[in-house]
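Colleague: Take a look at this one; I'll ask things after.
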Amino acid sequence: MLSLGENPVTDREDTAVPRAGDGVTSALLAALRSDPPPPFSLYRYLPLPDGPGPGEPAWEERGIDVDQTNHSVVVGERIVVKWMAVPAPLPHPTLVAFAHLTEAGFEHTAPPYAALTVVGSSGAERLLALVTGYLPEARDGWEWCVDEAEAGRTAFASTLGRLAADLHLALATFPPASAQAPPASPAVTPPATPPTSAPASAPASAPASAPASAPASVLGSALADRAERALEEALELTDGEDGTWLREHADALRARLEPLADAVGGATIRIHGDLHVGQILQWRDGYAVIDFDGNPTVAQAEPYQPAARDVAQLTTSLEHVAQVAIRRRGTAPSAAATWAATAREGLLSAYRERLRAEGRPELLDERLIGPFEIEQECRELIYSARHLPRWRYAPMGVLRTRFTEETP
């Protein structure tokens, strides 16, 4: 047990999550200036910003309540500490992503500073908190993107396409899954200075590494099985009028998934795993990708996947934004559908162009985007049934719109 202020921090799942103003977060940051005592460990990435100087007032804390699962505390408008509501077992995808993206020089994310873990009585190591930089004037994607939809603006889409491509170019430099080394040891000494800043248009700098290729039969079977399970679960969990509609269209949905079974053994990379507009902050200096925790509806998901899976989740989220604009902003359905289609094409066009410019067009298998989009809508229905029932209108609105538009 590590005592920070009044409240102990442990690996127990019922431990109260620290809150802004209770002093625990500031105490943690002070403790991070040195190595924590056992059973705690610290994974370091970039150097922490200097704290208040002698005679200066202590940094204030405030909470961020957008995240529905965990709780984040902003300290001094410079640092964000994300406390895990339930300490997550290692290996954890965020720690792996932080280490690699820092090494690759990918800067379009909140600067990663550290991760705090603890080894419990069971001997298992768990993640307690993530420490990153604060992005001034940041707005959640479900806010700024809905504003764009309401206003009918789509210029942002090309920027998002390039951002997604740059992320994948950086993630594609991960060694193949079979060659993965164990995660870096805790308390790794950070570089003396952060990576040299690069202009927004510059690709992530890292040694090129060929993406892994899975045999066609293995890849296609795995992708098809995962999608079929998602459809079956969505059919099982979706009730009422929406459930009736879904069952009536089950065969048509399965037909859209069929190309996955025939997927050629194409490139697979370590993907983000949950890339939607809600994971892209608009802030003072541009856009930033956050939250590398993976898809909450997929247990033990394979981290190496076709890049098209991330792309499809990002494009479907634009359609979800359109549904939000219809429901909450009074946007006309026809205008919202046109906006989503235009934004989708702008994003895809910019993504393709960035990959071509960097000599990596093989990272995207376009044939998988459509099937992955259908699978993602099924996963949205699963998420809605398990965690957020009021969200069901968004994926159902997308599916109804698609099938209505395609009916002669």
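Quick note on naming: the chains in the structure tokens go A, B, ... in the order shown, residues restart at 1 in each chain, and ligands are numbered from 1 in order of appearance.
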Taking a cut-off of 8 Å and counting only C-alpha atoms, can you build a table that, for each residue of stretch 216-287 of chain A near stretch 138-150 of chain A, reports the nearest atom pair and how far apart they are in Å (one decimal), sorted by chain then residue number, as JSON lines?

Modeller:
{"residue": "A:Val277", "atom": "CA", "partner": "A:Gly141", "partner_atom": "CA", "distance": 4.9}
{"residue": "A:Gly278", "atom": "CA", "partner": "A:Gly141", "partner_atom": "CA", "distance": 4.2}
{"residue": "A:Gln279", "atom": "CA", "partner": "A:Gly141", "partner_atom": "CA", "distance": 6.6}
{"residue": "A:Ile280", "atom": "CA", "partner": "A:Gly141", "partner_atom": "CA", "distance": 5.6}
{"residue": "A:Leu281", "atom": "CA", "partner": "A:Asp140", "partner_atom": "CA", "distance": 5.2}
{"residue": "A:Gln282", "atom": "CA", "partner": "A:Arg139", "partner_atom": "CA", "distance": 5.3}
{"residue": "A:Trp283", "atom": "CA", "partner": "A:Ala138", "partner_atom": "CA", "distance": 4.0}
{"residue": "A:Arg284", "atom": "CA", "partner": "A:Ala138", "partner_atom": "CA", "distance": 6.7}

Colleague: Could you take the residues named above and write them with all heavy atoms, as a compact mmCIF listing (two decimals), in the first residue's frame?

Modeller:
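After the write, again-v6.txt holds the following:
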# COMPACT_ATOMS: atom_id res chain seq x y z
N VAL A 277 -13.97 9.29 -33.36
CA VAL A 277 -13.75 10.73 -33.19
C VAL A 277 -13.67 11.12 -31.71
O VAL A 277 -13.05 12.14 -31.37
CB VAL A 277 -14.84 11.57 -33.90
CG1 VAL A 277 -14.76 11.38 -35.40
CG2 VAL A 277 -16.23 11.23 -33.37
N GLY A 278 -14.28 10.34 -30.85
CA GLY A 278 -14.19 10.64 -29.42
C GLY A 278 -12.78 10.48 -28.88
O GLY A 278 -12.47 10.99 -27.81
N GLN A 279 -11.92 9.78 -29.63
CA GLN A 279 -10.53 9.61 -29.23
C GLN A 279 -9.61 10.65 -29.87
O GLN A 279 -8.38 10.55 -29.76
CB GLN A 279 -10.02 8.22 -29.62
CG GLN A 279 -10.93 7.07 -29.23
CD GLN A 279 -10.95 6.81 -27.74
OE1 GLN A 279 -10.82 7.72 -26.94
NE2 GLN A 279 -11.13 5.56 -27.37
N ILE A 280 -10.19 11.62 -30.55
CA ILE A 280 -9.40 12.66 -31.20
C ILE A 280 -9.79 14.01 -30.62
O ILE A 280 -10.92 14.49 -30.80
CB ILE A 280 -9.60 12.65 -32.73
CG1 ILE A 280 -9.15 11.30 -33.29
CG2 ILE A 280 -8.82 13.79 -33.38
CD1 ILE A 280 -9.35 11.14 -34.77
N LEU A 281 -8.88 14.60 -29.89
CA LEU A 281 -9.12 15.90 -29.28
C LEU A 281 -8.76 17.01 -30.27
O LEU A 281 -7.77 16.93 -30.98
CB LEU A 281 -8.27 16.07 -28.02
CG LEU A 281 -8.50 15.09 -26.87
CD1 LEU A 281 -7.58 15.43 -25.71
CD2 LEU A 281 -9.95 15.10 -26.42
N GLN A 282 -9.59 18.02 -30.29
CA GLN A 282 -9.24 19.25 -30.99
C GLN A 282 -8.73 20.21 -29.92
O GLN A 282 -9.43 20.50 -28.96
CB GLN A 282 -10.48 19.82 -31.68
CG GLN A 282 -10.22 21.09 -32.49
CD GLN A 282 -11.52 21.70 -32.99
OE1 GLN A 282 -12.37 22.13 -32.20
NE2 GLN A 282 -11.70 21.72 -34.29
N TRP A 283 -7.50 20.68 -30.09
CA TRP A 283 -6.93 21.54 -29.06
C TRP A 283 -6.29 22.77 -29.69
O TRP A 283 -6.37 22.96 -30.90
CB TRP A 283 -5.97 20.78 -28.18
CG TRP A 283 -4.69 20.30 -28.81
CD1 TRP A 283 -4.54 19.39 -29.80
CD2 TRP A 283 -3.38 20.73 -28.45
NE1 TRP A 283 -3.22 19.21 -30.09
CE2 TRP A 283 -2.47 20.01 -29.28
CE3 TRP A 283 -2.86 21.61 -27.51
CZ2 TRP A 283 -1.09 20.17 -29.20
CZ3 TRP A 283 -1.48 21.77 -27.42
CH2 TRP A 283 -0.61 21.06 -28.26
N ARG A 284 -5.65 23.56 -28.88
CA ARG A 284 -5.13 24.85 -29.33
C ARG A 284 -4.22 24.73 -30.55
O ARG A 284 -4.24 25.57 -31.45
CB ARG A 284 -4.37 25.52 -28.19
CG ARG A 284 -3.86 26.92 -28.48
CD ARG A 284 -3.05 27.44 -27.32
NE ARG A 284 -1.88 26.59 -27.06
CZ ARG A 284 -1.19 26.62 -25.94
NH1 ARG A 284 -1.54 27.42 -24.94
NH2 ARG A 284 -0.13 25.83 -25.79

Colleague: Where does DSSP see alpha helix (DSSP H) in stretch 220-398 of chain A, if you list the residues as an NGL selection string?

Modeller: :A and (220-237 or 240-248 or 250-257 or 307-329 or 333-357 or 369-386 or 393-398)

Colleague: Quick one, how far is atom CA of A:Glu258 from atom CA of A:His276?

Modeller: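 Interatomic distance, atom CA of A:Glu258 to atom CA of A:His276: 23.9 Å.
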
Colleague: My list of candidates is A:Phe174, A:Tyr43, A:Phe98, A:Phe156. Which is closest to A:Ala114 when distances are computed with only C-alpha atoms?

Modeller: A:Tyr43

Colleague: Could you find all residues in stretch 275-335 of chain A that DSSP calls strand (DSSP E) from the backbone, and write them as a PyMOL selection string?

Modeller: chain A and resi 280-283+286-289+304-305

Colleague: Quick one: pull the distance between atom CA of A:Gly286 and atom CA of A:Met84, Å, one decimal.

Modeller: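 For atom CA of A:Gly286 relative to atom CA of A:Met84, the distance reads 27.1 Å.
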
Colleague: Within 6 Å of A:Thr117, counting only C-alpha atoms, which residues qualify if same-chain residues fewer than 4 places away don't, as a list in words?

Modeller: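 Close residues of A:Thr117: Phe40, Ser41, Arg126, Leu127 and Leu128 of chain A.
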
Colleague: Only N, CA and C atoms, please: the residues just picked out, written as a PDB file, in the first residue's frame.

Modeller:
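File out-v2.pdb, as written:
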ATOM      1  N   PHE A  40       5.192  -0.896  -5.791  1.00  0.00           N
ATOM      2  CA  PHE A  40       4.848  -0.024  -6.897  1.00  0.00           C
ATOM      3  C   PHE A  40       6.005   0.078  -7.875  1.00  0.00           C
ATOM      4  N   SER A  41       5.658   0.280  -9.129  1.00  0.00           N
ATOM      5  CA  SER A  41       6.657   0.463 -10.170  1.00  0.00           C
ATOM      6  C   SER A  41       6.245   1.635 -11.046  1.00  0.00           C
ATOM      7  N   ARG A 126      -0.623  -4.591 -11.908  1.00  0.00           N
ATOM      8  CA  ARG A 126      -1.787  -3.884 -12.436  1.00  0.00           C
ATOM      9  C   ARG A 126      -1.482  -2.399 -12.613  1.00  0.00           C
ATOM     10  N   LEU A 127      -2.148  -1.826 -13.602  1.00  0.00           N
ATOM     11  CA  LEU A 127      -1.991  -0.401 -13.892  1.00  0.00           C
ATOM     12  C   LEU A 127      -2.920   0.410 -13.004  1.00  0.00           C
ATOM     13  N   LEU A 128      -2.352   1.374 -12.283  1.00  0.00           N
ATOM     14  CA  LEU A 128      -3.133   2.247 -11.403  1.00  0.00           C
ATOM     15  C   LEU A 128      -3.433   3.599 -12.039  1.00  0.00           C
TER      16      LEU A 128
END

Colleague: When you count only C-alpha atoms, which of these residues is closest to A:Ala234: A:Leu95, A:Cys378, A:Leu90, A:Leu32?

Modeller: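 Closest to A:Ala234, using only C-alpha atoms: A:Cys378.
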
Colleague: Quick one: residues within 9 Å of A:Thr94, only C-alpha atoms counted, chain neighbours fewer than 5 positions away excluded, as an MDAnalysis selection string?

Modeller: chainID A and resid 99 130 291:294

Colleague: Produce a file of the selected residues containing N, CA and C atoms, as a tab-separated table (two decimals), in the first residue's frame.

Modeller:
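Result went into out_23.tsv, see below:
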chain	number	residue	atom	x	y	z
A	99	ALA	N	5.39	3.61	-25.11
A	99	ALA	CA	6.82	3.38	-25.29
A	99	ALA	C	7.20	3.45	-26.77
A	130	LEU	N	-2.20	6.65	-15.34
A	130	LEU	CA	-1.42	7.12	-16.48
A	130	LEU	C	-1.23	8.62	-16.32
A	291	ASP	N	-6.11	7.73	-25.82
A	291	ASP	CA	-6.75	6.50	-25.34
A	291	ASP	C	-6.39	5.28	-26.19
A	292	PHE	N	-5.32	4.62	-25.80
A	292	PHE	CA	-4.85	3.43	-26.50
A	292	PHE	C	-5.23	2.16	-25.74
A	293	ASP	N	-6.36	2.20	-25.03
A	293	ASP	CA	-6.76	1.07	-24.19
A	293	ASP	C	-7.34	-0.10	-24.97
A	294	GLY	N	-7.75	0.12	-26.23
A	294	GLY	CA	-8.36	-0.94	-27.01
A	294	GLY	C	-9.88	-0.89	-26.97

Colleague: Just checking: using only C-alpha atoms, which residue out of A:Gly133, A:Pro371, A:Pro57, A:Pro47 ends up closest to A:Thr316?

Modeller: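 Closest to A:Thr316, using only C-alpha atoms: A:Pro371.
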
Colleague: Would you mind telling me which residue in A:Pro93, A:Ala164, A:Ala16, A:Leu223 lies nearest to A:Leu355 when using only C-alpha atoms?

Modeller: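 Ranked by minimum distance to A:Leu355, first place goes to A:Ala164.
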
Colleague: So which one's closest to A:Arg329, A:Ala252, A:Ala263, A:Ile64, A:Ala151? Using only C-alpha atoms, please.

Modeller: A:Ala151

Colleague: At a cut-off of 9 Å, using only C-alpha atoms, what residues contact A:Ala394? Leave out same-chain residues fewer than 6 positions from it and give the result as a PyMOL selection string.

Modeller: chain A and resi 319-324+377+380-381

Colleague: Just checking: using only C-alpha atoms, which residue out of A:Glu345, A:Glu375, A:Glu236, A:Glu137 ends up closest to A:Thr297?

Modeller: A:Glu375
